[in-house]
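File shown here: structure.cif, holding mmCIF, C-alpha atoms and all ligand atoms.
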```cif
data_structure
#
loop_
_atom_site.label_atom_id
_atom_site.label_comp_id
_atom_site.auth_asym_id
_atom_site.auth_seq_id
_atom_site.Cartn_x
_atom_site.Cartn_y
_atom_site.Cartn_z
CA MET X 1 30.07 -94.74 12.92
CA ASN X 2 32.02 -91.55 13.36
CA TYR X 3 31.60 -89.32 10.30
CA PHE X 4 33.67 -86.37 11.49
CA PRO X 5 36.55 -88.06 13.35
CA ASN X 6 38.90 -85.08 13.16
CA ILE X 7 36.49 -82.62 14.64
CA GLN X 8 35.73 -82.23 18.32
CA LYS X 9 32.92 -80.26 19.92
CA ILE X 10 33.03 -76.63 18.77
CA ASN X 11 33.40 -74.35 21.77
CA TYR X 12 33.46 -70.62 22.31
CA GLU X 13 37.03 -69.34 22.59
CA GLY X 14 36.53 -65.61 22.09
CA PRO X 15 37.58 -63.07 19.44
CA LYS X 16 41.33 -63.66 19.89
CA SER X 17 41.17 -67.38 19.17
CA ALA X 18 43.00 -68.61 16.07
CA ASN X 19 41.35 -72.03 16.25
CA PRO X 20 39.24 -72.47 13.10
CA TYR X 21 37.07 -74.97 14.99
CA ALA X 22 35.97 -72.53 17.68
CA PHE X 23 33.37 -69.81 17.96
CA LYS X 24 34.87 -66.35 18.22
CA TYR X 25 31.64 -64.48 18.98
CA TYR X 26 28.84 -67.02 19.47
CA ASN X 27 28.85 -67.75 23.17
CA PRO X 28 25.63 -69.70 23.86
CA ASP X 29 25.45 -68.87 27.57
CA GLU X 30 26.31 -65.17 27.28
CA LYS X 31 23.34 -63.00 28.07
CA ILE X 32 22.33 -60.30 25.63
CA GLY X 33 19.37 -58.13 26.56
CA GLY X 34 18.68 -60.49 29.46
CA LYS X 35 18.43 -63.61 27.27
CA ARG X 36 20.97 -66.36 26.56
CA MET X 37 22.44 -66.04 23.07
CA GLU X 38 21.43 -69.59 22.26
CA ASP X 39 17.81 -68.90 23.22
CA TYR X 40 17.76 -65.67 21.24
CA LEU X 41 19.34 -66.93 18.04
CA ARG X 42 17.78 -70.42 17.93
CA PHE X 43 20.09 -71.62 15.14
CA ALA X 44 19.03 -74.47 12.88
CA VAL X 45 20.91 -76.63 10.37
CA ALA X 46 19.15 -77.14 7.02
CA TYR X 47 19.26 -80.88 6.28
CA TRP X 48 19.15 -80.40 2.51
CA HIS X 49 22.15 -78.12 2.14
CA THR X 50 24.29 -79.91 4.69
CA PHE X 51 23.49 -83.59 4.19
CA THR X 52 22.02 -84.00 0.69
CA GLU X 53 23.52 -81.17 -1.37
CA ASP X 54 26.17 -82.37 -3.86
CA LEU X 55 27.23 -78.83 -4.95
CA SER X 56 26.35 -79.33 -8.61
CA ASP X 57 25.36 -76.26 -10.62
CA PRO X 58 23.66 -75.90 -14.02
CA PHE X 59 27.06 -76.21 -15.73
CA GLY X 60 28.82 -78.81 -13.69
CA ALA X 61 28.59 -82.00 -11.68
CA GLY X 62 28.59 -82.16 -7.92
CA THR X 63 31.92 -81.67 -6.19
CA ALA X 64 31.04 -82.41 -2.56
CA VAL X 65 33.05 -85.15 -0.90
CA ARG X 66 30.98 -86.63 1.92
CA PRO X 67 31.73 -89.63 4.13
CA TRP X 68 28.20 -91.01 3.59
CA ASP X 69 28.54 -90.99 -0.23
CA LYS X 70 29.45 -94.69 -0.33
CA PHE X 71 25.87 -95.63 0.63
CA SER X 72 22.73 -95.55 -1.46
CA GLY X 73 18.96 -95.85 -1.02
CA MET X 74 17.70 -96.36 2.51
CA ASP X 75 21.25 -97.08 3.74
CA LEU X 76 22.24 -93.61 2.60
CA ALA X 77 19.21 -92.09 4.33
CA LYS X 78 20.17 -93.85 7.58
CA ALA X 79 23.82 -92.84 7.28
CA ARG X 80 22.74 -89.24 6.86
CA VAL X 81 20.70 -89.37 10.07
CA GLU X 82 23.74 -90.68 11.96
CA ALA X 83 25.96 -88.03 10.43
CA ALA X 84 23.40 -85.31 11.07
CA PHE X 85 23.12 -85.98 14.78
CA GLU X 86 26.90 -86.16 15.13
CA PHE X 87 27.12 -82.82 13.31
CA PHE X 88 24.39 -81.21 15.47
CA GLU X 89 26.12 -82.43 18.61
CA LYS X 90 29.57 -81.17 17.61
CA LEU X 91 28.21 -77.81 16.49
CA GLY X 92 25.95 -77.53 19.55
CA VAL X 93 23.06 -76.36 17.42
CA PRO X 94 19.60 -76.41 19.02
CA TYR X 95 17.47 -77.03 15.88
CA PHE X 96 17.31 -78.60 12.42
CA CYS X 97 14.90 -78.39 9.45
CA PHE X 98 14.12 -80.74 6.56
CA HIS X 99 11.95 -81.48 3.52
CA ASP X 100 10.37 -84.94 3.29
CA VAL X 101 12.62 -85.88 0.34
CA ASP X 102 15.78 -84.86 2.22
CA ILE X 103 15.43 -87.55 4.85
CA ALA X 104 14.11 -90.54 2.85
CA PRO X 105 14.14 -91.63 -0.80
CA GLU X 106 10.89 -91.57 -2.77
CA GLY X 107 9.36 -94.94 -3.68
CA ASN X 108 7.39 -95.87 -6.79
CA THR X 109 4.18 -94.76 -5.14
CA LEU X 110 3.39 -92.30 -2.40
CA ARG X 111 2.47 -95.30 -0.25
CA GLU X 112 6.05 -96.59 -0.62
CA THR X 113 7.51 -93.14 -0.03
CA ASN X 114 5.53 -92.85 3.18
CA GLN X 115 6.82 -96.23 4.36
CA ASN X 116 10.40 -95.02 3.80
CA LEU X 117 9.56 -91.85 5.70
CA ASP X 118 8.13 -93.84 8.60
CA THR X 119 11.35 -95.83 8.94
CA ILE X 120 13.57 -92.76 8.95
CA VAL X 121 11.25 -90.67 11.11
CA SER X 122 11.29 -93.32 13.80
CA MET X 123 15.10 -93.42 13.58
CA ILE X 124 15.25 -89.62 13.90
CA LYS X 125 12.88 -89.79 16.84
CA ASP X 126 15.21 -92.24 18.59
CA TYR X 127 18.21 -90.01 17.99
CA MET X 128 16.29 -86.98 19.25
CA LYS X 129 15.76 -88.71 22.61
CA ASP X 130 19.50 -88.45 23.35
CA SER X 131 20.06 -85.13 21.63
CA LYS X 132 19.32 -81.56 22.62
CA THR X 133 18.64 -80.72 18.96
CA LYS X 134 14.95 -80.25 18.16
CA LEU X 135 12.93 -79.85 15.00
CA LEU X 136 12.44 -76.18 14.09
CA TRP X 137 10.33 -77.06 11.05
CA ASN X 138 9.73 -79.56 8.34
CA THR X 139 8.07 -79.14 4.97
CA ALA X 140 6.94 -81.04 1.89
CA ASN X 141 9.06 -80.81 -1.23
CA ASN X 142 6.33 -80.16 -3.80
CA PHE X 143 8.63 -78.81 -6.49
CA THR X 144 11.53 -81.13 -7.48
CA HIS X 145 9.78 -84.15 -8.98
CA PRO X 146 8.62 -83.80 -12.63
CA ARG X 147 5.00 -84.34 -11.52
CA PHE X 148 5.12 -80.75 -10.24
CA ILE X 149 5.96 -79.44 -13.71
CA HIS X 150 2.91 -77.14 -13.73
CA GLY X 151 2.81 -76.45 -10.00
CA ALA X 152 1.50 -78.28 -6.95
CA ALA X 153 -1.62 -76.76 -5.35
CA SER X 154 -1.67 -74.29 -8.24
CA SER X 155 -1.28 -77.00 -10.89
CA ASN X 156 -3.88 -77.25 -13.68
CA ASN X 157 -3.94 -80.99 -12.92
CA ALA X 158 -6.20 -82.14 -10.07
CA ASP X 159 -4.20 -85.36 -9.53
CA VAL X 160 -1.17 -83.23 -8.74
CA PHE X 161 -3.20 -81.10 -6.34
CA ALA X 162 -4.20 -84.29 -4.53
CA TYR X 163 -0.63 -85.61 -4.50
CA ALA X 164 0.71 -82.36 -3.04
CA ALA X 165 -2.06 -82.30 -0.43
CA ALA X 166 -1.28 -85.88 0.60
CA LYS X 167 2.38 -84.95 1.04
CA VAL X 168 1.43 -82.03 3.27
CA LYS X 169 -0.86 -84.32 5.29
CA LYS X 170 2.08 -86.69 5.88
CA GLY X 171 4.34 -83.71 6.66
CA LEU X 172 1.98 -82.49 9.37
CA GLU X 173 1.87 -85.97 10.88
CA ILE X 174 5.69 -86.07 10.88
CA GLY X 175 5.81 -82.59 12.41
CA LYS X 176 3.56 -83.75 15.19
CA GLU X 177 5.51 -86.99 15.69
CA LEU X 178 8.84 -85.15 16.03
CA GLY X 179 7.53 -82.18 18.00
CA GLY X 180 8.17 -79.68 15.19
CA GLU X 181 7.76 -76.09 16.38
CA ASN X 182 6.68 -74.78 12.97
CA TYR X 183 5.61 -76.07 9.57
CA VAL X 184 6.77 -74.29 6.40
CA PHE X 185 5.07 -73.76 3.05
CA TRP X 186 7.39 -72.53 0.35
CA GLY X 187 5.52 -72.27 -2.95
CA GLY X 188 8.35 -73.65 -5.05
CA ARG X 189 6.25 -74.01 -8.17
CA GLU X 190 3.17 -72.13 -7.03
CA GLY X 191 3.27 -69.52 -9.73
CA TYR X 192 3.24 -69.40 -13.49
CA GLU X 193 5.35 -68.87 -16.58
CA THR X 194 2.79 -67.08 -18.73
CA LEU X 195 -0.75 -65.76 -18.42
CA LEU X 196 -1.43 -67.03 -21.96
CA ASN X 197 -2.36 -70.47 -20.57
CA THR X 198 -3.09 -69.64 -16.92
CA ASP X 199 -6.29 -69.11 -14.94
CA MET X 200 -4.72 -67.08 -12.15
CA LYS X 201 -7.90 -66.55 -10.14
CA PHE X 202 -8.69 -70.28 -10.13
CA GLU X 203 -5.12 -71.16 -9.12
CA LEU X 204 -5.19 -68.65 -6.26
CA ASP X 205 -8.56 -69.98 -5.09
CA ASN X 206 -7.10 -73.49 -5.13
CA LEU X 207 -4.10 -72.35 -3.13
CA GLY X 208 -6.50 -70.83 -0.60
CA ARG X 209 -8.42 -74.12 -0.37
CA PHE X 210 -5.15 -76.03 0.02
CA PHE X 211 -3.99 -73.92 2.95
CA GLN X 212 -7.41 -74.09 4.60
CA MET X 213 -7.33 -77.90 4.41
CA ALA X 214 -3.87 -77.89 6.03
CA VAL X 215 -5.14 -75.64 8.83
CA ASP X 216 -8.12 -77.96 9.36
CA TYR X 217 -5.99 -81.10 9.39
CA ALA X 218 -3.47 -79.67 11.87
CA ARG X 219 -6.37 -78.93 14.17
CA GLU X 220 -7.80 -82.41 13.64
CA ILE X 221 -4.56 -84.16 14.66
CA ASP X 222 -3.76 -81.59 17.32
CA PHE X 223 -0.52 -80.41 15.72
CA ASP X 224 0.27 -77.05 17.24
CA GLY X 225 3.28 -75.97 15.16
CA GLN X 226 3.16 -72.42 13.82
CA PHE X 227 2.35 -72.36 10.07
CA LEU X 228 4.79 -70.29 8.04
CA ILE X 229 4.65 -69.07 4.46
CA GLU X 230 8.05 -68.49 2.87
CA PRO X 231 7.87 -65.89 0.12
CA LYS X 232 10.11 -65.80 -2.93
CA PRO X 233 9.46 -63.65 -5.99
CA LYS X 234 10.77 -65.91 -8.75
CA GLU X 235 12.83 -69.02 -9.36
CA PRO X 236 11.80 -71.60 -10.30
CA THR X 237 8.70 -69.99 -11.85
CA THR X 238 8.83 -66.59 -13.49
CA HIS X 239 5.99 -65.26 -11.34
CA GLN X 240 5.59 -66.75 -7.86
CA TYR X 241 2.33 -66.10 -6.05
CA ASP X 242 4.02 -65.50 -2.66
CA PHE X 243 6.22 -62.78 -4.10
CA ASP X 244 7.17 -61.11 -0.83
CA VAL X 245 5.74 -60.69 2.66
CA ALA X 246 3.33 -57.95 1.60
CA SER X 247 1.79 -59.95 -1.26
CA GLY X 248 1.68 -63.11 0.87
CA TYR X 249 -0.10 -61.21 3.62
CA ALA X 250 -2.65 -59.79 1.16
CA PHE X 251 -3.29 -63.35 -0.10
CA LEU X 252 -3.83 -64.63 3.45
CA GLN X 253 -6.28 -61.83 4.20
CA ASN X 254 -8.16 -62.45 0.95
CA TYR X 255 -8.70 -66.08 1.87
CA ASN X 256 -9.31 -65.42 5.56
CA LEU X 257 -6.21 -67.33 6.61
CA GLN X 258 -4.35 -64.49 8.33
CA ASP X 259 -4.88 -65.85 11.84
CA TYR X 260 -3.14 -69.14 11.08
CA PHE X 261 0.07 -68.12 9.36
CA LYS X 262 3.21 -66.14 9.97
CA PHE X 263 6.16 -65.74 7.61
CA ASN X 264 9.49 -67.46 7.20
CA ILE X 265 11.70 -64.76 5.76
CA GLU X 266 14.76 -65.67 3.75
CA ALA X 267 17.43 -63.03 3.22
CA ASN X 268 18.22 -64.06 -0.35
CA HIS X 269 14.53 -64.13 -1.30
CA ALA X 270 14.12 -60.61 0.04
CA THR X 271 16.90 -59.33 -2.18
CA LEU X 272 15.53 -61.24 -5.19
CA ALA X 273 12.26 -59.37 -4.60
CA GLY X 274 14.12 -56.08 -4.78
CA HIS X 275 13.94 -55.53 -1.04
CA THR X 276 16.55 -55.57 1.65
CA PHE X 277 16.49 -58.41 4.18
CA GLU X 278 15.62 -55.89 6.89
CA HIS X 279 12.73 -54.53 4.83
CA GLU X 280 11.02 -57.92 4.83
CA LEU X 281 11.73 -58.44 8.54
CA HIS X 282 10.48 -54.94 9.34
CA TYR X 283 7.31 -55.29 7.30
CA ALA X 284 6.53 -58.60 9.02
CA ARG X 285 7.36 -57.22 12.45
CA VAL X 286 5.12 -54.17 12.24
CA ASN X 287 2.27 -56.42 11.06
CA ASN X 288 2.94 -58.99 13.78
CA ILE X 289 3.61 -61.81 11.31
CA LEU X 290 7.35 -62.37 11.74
CA GLY X 291 7.65 -66.10 12.35
CA SER X 292 11.10 -67.41 11.45
CA VAL X 293 14.15 -66.67 9.33
CA ASP X 294 16.15 -68.48 6.68
CA ALA X 295 19.53 -66.98 7.44
CA ASN X 296 21.65 -66.70 4.33
CA GLN X 297 22.76 -64.03 1.89
CA GLY X 298 22.70 -63.51 -1.86
CA HIS X 299 25.63 -62.41 -3.96
CA PRO X 300 25.43 -58.71 -4.84
CA LEU X 301 26.62 -59.37 -8.41
CA LEU X 302 24.39 -62.35 -9.19
CA GLY X 303 20.67 -62.19 -9.86
CA TRP X 304 19.69 -65.60 -8.55
CA ASP X 305 19.28 -67.48 -5.29
CA THR X 306 22.87 -68.25 -4.30
CA ASP X 307 22.05 -69.25 -0.69
CA GLU X 308 25.42 -68.23 0.70
CA PHE X 309 26.28 -68.55 4.36
CA PRO X 310 25.70 -65.18 6.05
CA THR X 311 28.94 -63.32 6.75
CA ASP X 312 27.92 -59.70 6.12
CA LEU X 313 27.98 -58.13 9.58
CA TYR X 314 26.13 -55.02 8.48
CA SER X 315 23.26 -57.17 7.29
CA THR X 316 23.23 -59.45 10.36
CA THR X 317 23.21 -56.37 12.59
CA LEU X 318 20.23 -54.78 10.86
CA ALA X 319 18.44 -58.14 10.82
CA MET X 320 19.02 -58.71 14.53
CA TYR X 321 17.86 -55.17 15.21
CA GLU X 322 14.46 -56.13 13.73
CA ILE X 323 14.42 -59.46 15.56
CA ILE X 324 15.20 -57.86 18.92
CA LYS X 325 12.50 -55.23 18.33
CA ASN X 326 10.16 -58.11 17.58
CA GLY X 327 10.89 -59.48 21.06
CA GLY X 328 12.80 -62.41 19.49
CA LEU X 329 11.49 -65.01 17.09
CA GLY X 330 9.10 -66.83 19.42
CA ARG X 331 8.83 -70.37 18.09
CA GLY X 332 10.91 -69.48 15.04
CA GLY X 333 14.66 -69.51 14.65
CA LEU X 334 17.59 -68.72 12.38
CA ASN X 335 17.81 -71.58 9.91
CA PHE X 336 20.94 -71.73 7.77
CA ASP X 337 19.26 -72.29 4.43
CA ALA X 338 22.73 -71.87 3.01
CA LYS X 339 25.18 -73.97 1.10
CA VAL X 340 28.94 -73.94 0.92
CA ARG X 341 30.34 -72.76 -2.42
CA ARG X 342 31.09 -75.38 -5.06
CA GLY X 343 34.80 -74.94 -4.44
CA SER X 344 34.37 -75.58 -0.72
CA PHE X 345 33.83 -79.29 -1.24
CA GLU X 346 35.48 -80.76 1.84
CA THR X 347 33.42 -82.06 4.75
CA GLU X 348 35.22 -79.66 7.12
CA ASP X 349 33.81 -76.74 5.14
CA LEU X 350 30.37 -77.59 6.53
CA PHE X 351 31.72 -76.76 10.00
CA HIS X 352 33.58 -73.63 8.87
CA ALA X 353 30.45 -72.35 7.13
CA HIS X 354 28.18 -72.84 10.14
CA ILE X 355 30.75 -71.36 12.52
CA ALA X 356 31.01 -68.31 10.23
CA GLY X 357 27.22 -67.92 10.07
CA MET X 358 26.71 -68.38 13.81
CA ASP X 359 29.49 -65.94 14.67
CA SER X 360 28.12 -63.38 12.20
CA PHE X 361 24.65 -63.44 13.74
CA ALA X 362 26.13 -63.37 17.25
CA VAL X 363 27.96 -60.16 16.34
CA GLY X 364 24.76 -58.79 14.82
CA LEU X 365 22.86 -59.55 18.00
CA LYS X 366 25.41 -57.90 20.23
CA VAL X 367 25.82 -54.77 18.12
CA ALA X 368 22.08 -54.36 17.55
CA GLN X 369 21.36 -54.73 21.28
CA LYS X 370 23.97 -52.07 22.08
CA MET X 371 22.43 -49.71 19.52
CA LEU X 372 19.00 -50.32 21.00
CA ASP X 373 20.25 -49.82 24.55
CA ASP X 374 21.53 -46.43 23.43
CA GLN X 375 18.33 -45.77 21.43
CA VAL X 376 20.47 -44.74 18.46
CA LEU X 377 17.93 -45.15 15.67
CA GLU X 378 14.93 -44.57 17.97
CA ASN X 379 16.14 -41.08 18.82
CA ILE X 380 16.85 -40.26 15.18
CA ILE X 381 13.43 -41.49 14.10
CA SER X 382 11.41 -39.82 16.83
CA ASP X 383 13.22 -36.57 16.14
CA ARG X 384 12.51 -36.95 12.42
CA TYR X 385 8.75 -37.28 12.99
CA GLN X 386 8.46 -34.62 15.65
CA SER X 387 6.12 -32.49 13.49
CA TYR X 388 3.40 -35.00 14.38
CA THR X 389 3.74 -34.43 18.11
CA LYS X 390 2.13 -31.00 18.21
CA GLY X 391 -0.28 -28.71 16.38
CA ILE X 392 -1.76 -29.88 13.11
CA GLY X 393 0.57 -32.89 13.06
CA LEU X 394 -0.78 -34.19 16.35
CA GLU X 395 -4.33 -33.75 15.08
CA ILE X 396 -3.51 -35.76 11.92
CA ALA X 397 -1.88 -38.51 13.96
CA GLU X 398 -4.90 -38.68 16.24
CA GLY X 399 -7.26 -38.92 13.26
CA LYS X 400 -9.00 -35.68 14.12
CA THR X 401 -8.62 -33.84 10.81
CA ASP X 402 -10.49 -33.68 7.51
CA LEU X 403 -9.46 -32.40 4.10
CA GLY X 404 -11.15 -29.01 4.64
CA GLN X 405 -9.24 -28.35 7.83
CA LEU X 406 -5.98 -29.40 6.17
CA GLU X 407 -6.73 -27.08 3.27
CA ASP X 408 -7.19 -24.19 5.73
CA HIS X 409 -3.79 -25.05 7.18
CA ALA X 410 -2.07 -25.32 3.80
CA LEU X 411 -3.54 -22.53 1.68
CA ASP X 412 -1.23 -19.77 2.88
CA LEU X 413 1.72 -21.83 4.03
CA THR X 414 4.92 -20.34 2.63
CA ASP X 415 7.83 -21.62 4.70
CA ILE X 416 7.80 -25.38 5.16
CA LYS X 417 10.87 -26.23 7.26
CA HIS X 418 12.76 -29.45 6.58
CA GLN X 419 15.51 -31.16 8.49
CA SER X 420 18.27 -33.30 7.01
CA GLY X 421 17.82 -37.07 6.84
CA LYS X 422 21.48 -37.40 7.96
CA LEU X 423 21.96 -40.79 6.31
CA GLU X 424 25.75 -40.58 6.11
CA ARG X 425 26.01 -39.66 9.78
CA ILE X 426 23.75 -42.58 10.69
CA LYS X 427 25.83 -45.06 8.70
CA ALA X 428 29.03 -43.76 10.25
CA THR X 429 27.48 -44.27 13.68
CA ILE X 430 26.54 -47.86 12.85
CA ASN X 431 30.14 -48.50 11.74
CA GLN X 432 31.31 -47.12 15.03
CA TYR X 433 29.06 -49.52 16.93
CA LEU X 434 30.23 -52.42 14.78
CA LEU X 435 33.87 -51.63 15.40
CA THR X 436 33.66 -50.94 19.11
CA ALA X 437 31.26 -53.68 20.29
CA TYR X 438 34.20 -55.97 21.10
CA SER X 439 36.86 -53.40 21.95
CA ASP X 440 36.42 -54.00 25.68
CA ARG X 441 38.01 -57.44 25.35
C1 LIG W 1 14.18 -72.36 -1.91
C2 LIG W 1 13.65 -72.32 -0.56
C3 LIG W 1 13.40 -73.66 0.13
C4 LIG W 1 12.52 -73.48 1.34
C5 LIG W 1 11.93 -74.73 1.87
O1 LIG W 1 14.59 -71.38 -2.47
O2 LIG W 1 14.52 -71.50 0.19
O3 LIG W 1 14.59 -74.29 0.45
O4 LIG W 1 13.21 -72.86 2.41
O5 LIG W 1 11.25 -75.44 0.90
CA CA W 2 14.44 -71.00 2.32
CA CA W 3 16.87 -69.79 -1.20
#
```
Represent the structure from my file as structure tokens, please.
Ligand code: XLS
Ligand code: CA
Ligand code: CA
Amino acid sequence: MNYFPNIQKINYEGPKSANPYAFKYYNPDEKIGGKRMEDYLRFAVAYWHTFTEDLSDPFGAGTAVRPWDKFSGMDLAKARVEAAFEFFEKLGVPYFCFHDVDIAPEGNTLRETNQNLDTIVSMIKDYMKDSKTKLLWNTANNFTHPRFIHGAASSNNADVFAYAAAKVKKGLEIGKELGGENYVFWGGREGYETLLNTDMKFELDNLGRFFQMAVDYAREIDFDGQFLIEPKPKEPTTHQYDFDVASGYAFLQNYNLQDYFKFNIEANHATLAGHTFEHELHYARVNNILGSVDANQGHPLLGWDTDEFPTDLYSTTLAMYEIIKNGGLGRGGLNFDAKVRRGSFETEDLFHAHIAGMDSFAVGLKVAQKMLDDQVLENIISDRYQSYTKGIGLEIAEGKTDLGQLEDHALDLTDIKHQSGKLERIKATINQYLLTAYSDR
């Protein structure tokens, strides 16, 4: 069946195109910094937002009109696979991502659920044979079902711990079966509402054991996908254990898991944690734990996870700057963990949204590469830290000083010379790069 009969393959037509079904900036074969755009950006479609999301919100029913809505149960799951591969093909996207519950309905028991998964996974595998779209990552949804009311691996209930572990086991097997390049752990309910009934230390120890078992099982079945932790500070629980990259990294080091995990950084989770998107990317990059990205954006006026498609060019530029400095994303990619707004209920909006997101990151890539070629921020930063290139500064940087020596240096210091941080000039320069990157066309 043809689910998107009015839409042809989306091609690159350039910035002057008025065709809404064309890329204006994303040109897969164009080389940026010596690499094809497609290979740099490694875009992925999120199965849940694009094929299962109904656009309901806490105050209103779903609005999405989808051509597969007429089906239910396993027929619906199969229709979604057909629609998904048609969508991937038309969008020309190299990757997709899913949770177990996105692709197949749950049965009455986990045994039944796994049978449903087997049917759909083998169907997906067949479709993948004729498709260039690969699996960026899959994950277990250990948060939606009421059994996860008090958490999954951090639940007070051992049966739930076992259930969650069994779902991860199946997820790793599916990842291996479909050649997944990564496997994600988002701690949807791994946190707590109140300390008044919570044994935090025990829950953290259990989480550590849970991850260790996953590491061991991946090794046992020879699954070589990169493990990724996806931090989020709150929502659904008040306090989430993987608050941000820094706290997730401290957790991994505490439980001796740091060699097995990198991070999947979501823009909207960064801002919920009170950080910028680029802060989280930067922190991960300098610690060599930047794995993959959930490319979306939050709403500046709303305090929750709005998962909007990324259209803010300033943000995509600063994000791509970090990604380029990281040498790319390796096995990771840019997954659109983003949903169309409730008012954008038509099927075509799914294409418009992805085109907007892909074009926005393509612009970010191009502008960031140009800034790096010209060493714009590098020159500003090295100039700003120049006091550490000579004299006492050089000795501090080389670890050759002690407090006594620094006291000798400081006791009679009277004129400490500062230089301006020049923030406004820097921002004006970035605007200039943003506005001129395409002026040669
Ligand atoms: C929810 C998360 C989730 C993860 C995968 O906020 O973003 O969708 O990416 O479980
Ligand atoms: Ca996410
Ligand atoms: Ca989110």
If you count all atoms listed in the file, which residues end up within 9 Å of ligand LIG 1 (chain W), as a short mmCIF file (atom, residue, chain, number, x, y, z; two decimals) with C-alpha atoms, keeping the file's coordinate frame?
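Final output, saved to selection-v7.cif:
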```
data_model
loop_
_atom_site.label_atom_id
_atom_site.label_comp_id
_atom_site.auth_asym_id
_atom_site.auth_seq_id
_atom_site.Cartn_x
_atom_site.Cartn_y
_atom_site.Cartn_z
CA ALA X 46 19.15 -77.14 7.02
CA TRP X 48 19.15 -80.40 2.51
CA HIS X 49 22.15 -78.12 2.14
CA CYS X 97 14.90 -78.39 9.45
CA PHE X 98 14.12 -80.74 6.56
CA HIS X 99 11.95 -81.48 3.52
CA ASN X 138 9.73 -79.56 8.34
CA THR X 139 8.07 -79.14 4.97
CA ALA X 140 6.94 -81.04 1.89
CA ASN X 141 9.06 -80.81 -1.23
CA ASN X 142 6.33 -80.16 -3.80
CA PHE X 143 8.63 -78.81 -6.49
CA VAL X 184 6.77 -74.29 6.40
CA PHE X 185 5.07 -73.76 3.05
CA TRP X 186 7.39 -72.53 0.35
CA GLY X 187 5.52 -72.27 -2.95
CA GLY X 188 8.35 -73.65 -5.05
CA GLU X 230 8.05 -68.49 2.87
CA PRO X 231 7.87 -65.89 0.12
CA LYS X 232 10.11 -65.80 -2.93
CA GLU X 235 12.83 -69.02 -9.36
CA PRO X 236 11.80 -71.60 -10.30
CA ASN X 264 9.49 -67.46 7.20
CA ILE X 265 11.70 -64.76 5.76
CA GLU X 266 14.76 -65.67 3.75
CA ASN X 268 18.22 -64.06 -0.35
CA HIS X 269 14.53 -64.13 -1.30
CA ASP X 294 16.15 -68.48 6.68
CA ASP X 305 19.28 -67.48 -5.29
CA ASP X 307 22.05 -69.25 -0.69
CA ASN X 335 17.81 -71.58 9.91
CA ASP X 337 19.26 -72.29 4.43
CA ALA X 338 22.73 -71.87 3.01
#
```
Can you list, as a PyMOL selection string, every protein, DNA or RNA residue that comes within 10 Å of Asp224 of chain X when you count only C-alpha atoms, leaving out same-chain residues fewer than 3 positions away?
chain X and resi 172+175-176+179-183+218-219+221+227
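Going from atom CA of Val121 of chain X over to atom CA of Asn296 of chain X, you cover 27.0 Å.
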So what do you get for atom CA of Ser72 of chain X versus atom CA of Ala104 of chain X, distance-wise?
10.9 Å
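Using only C-alpha atoms, the contacts of segment 1-12 of chain X at a cut-off of 9 Å, with sequence neighbours closer than 5 positions omitted, comprise X:Ser17, X:Tyr21, X:Ala22, X:Phe23, X:Lys24, X:Tyr25, X:Tyr26, X:Asn27, X:Pro28, X:Arg66, X:Pro67, X:Trp68, X:Ala79, X:Glu82, X:Ala83, X:Glu86, X:Phe87, X:Glu89, X:Lys90, X:Leu91, X:Gly92, X:Thr347, X:Glu348, X:Phe351, X:Ile355.
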Selection near Thr194 of chain X, 12 Å with only C-alpha atoms, sequence-local residues under 5 positions removed, as JSON, numbers by chain
{"X": [150, 199, 200, 237, 238, 239, 240]}
Please list as a PyMOL selection string every residue within 12 Å of His409 of chain X, counting only C-alpha atoms and excluding residues in the same chain fewer than 6 positions away.
chain X and resi 391-393+395-396+401-403+416
Kindly save the residues from that selection, with C-alpha atoms included, as a PDB file, in the coordinates of the input.
```
ATOM      1  CA  GLY X 391      -0.280 -28.710  16.380  1.00  0.00           C
ATOM      2  CA  ILE X 392      -1.760 -29.880  13.110  1.00  0.00           C
ATOM      3  CA  GLY X 393       0.570 -32.890  13.060  1.00  0.00           C
ATOM      4  CA  GLU X 395      -4.330 -33.750  15.080  1.00  0.00           C
ATOM      5  CA  ILE X 396      -3.510 -35.760  11.920  1.00  0.00           C
ATOM      6  CA  THR X 401      -8.620 -33.840  10.810  1.00  0.00           C
ATOM      7  CA  ASP X 402     -10.490 -33.680   7.510  1.00  0.00           C
ATOM      8  CA  LEU X 403      -9.460 -32.400   4.100  1.00  0.00           C
ATOM      9  CA  ILE X 416       7.800 -25.380   5.160  1.00  0.00           C
TER      10      ILE X 416
END
```
Identify the residues around (8.7, -64.6, 12.3) within a radius of 12 Å, measuring from all atoms listed in the file in the coordinates stated by the file, and give them as a PyMOL selection string.
chain X and resi 182+184+226-230+245+261-266+280-294+319+322-335
Within 12 Å of Gln115 of chain X using only C-alpha atoms, minus same-chain residues under 5 positions, as a PyMOL selection string:
chain X and resi 74+100+104-110+120-122+170
Output for the residues just chosen: C-alpha atoms as a compact mmCIF listing (two decimals), keeping the file's coordinate frame:
```txt
# COMPACT_ATOMS: atom_id res chain seq x y z
CA MET X 74 17.70 -96.36 2.51
CA ASP X 100 10.37 -84.94 3.29
CA ALA X 104 14.11 -90.54 2.85
CA PRO X 105 14.14 -91.63 -0.80
CA GLU X 106 10.89 -91.57 -2.77
CA GLY X 107 9.36 -94.94 -3.68
CA ASN X 108 7.39 -95.87 -6.79
CA THR X 109 4.18 -94.76 -5.14
CA LEU X 110 3.39 -92.30 -2.40
CA ILE X 120 13.57 -92.76 8.95
CA VAL X 121 11.25 -90.67 11.11
CA SER X 122 11.29 -93.32 13.80
CA LYS X 170 2.08 -86.69 5.88
```
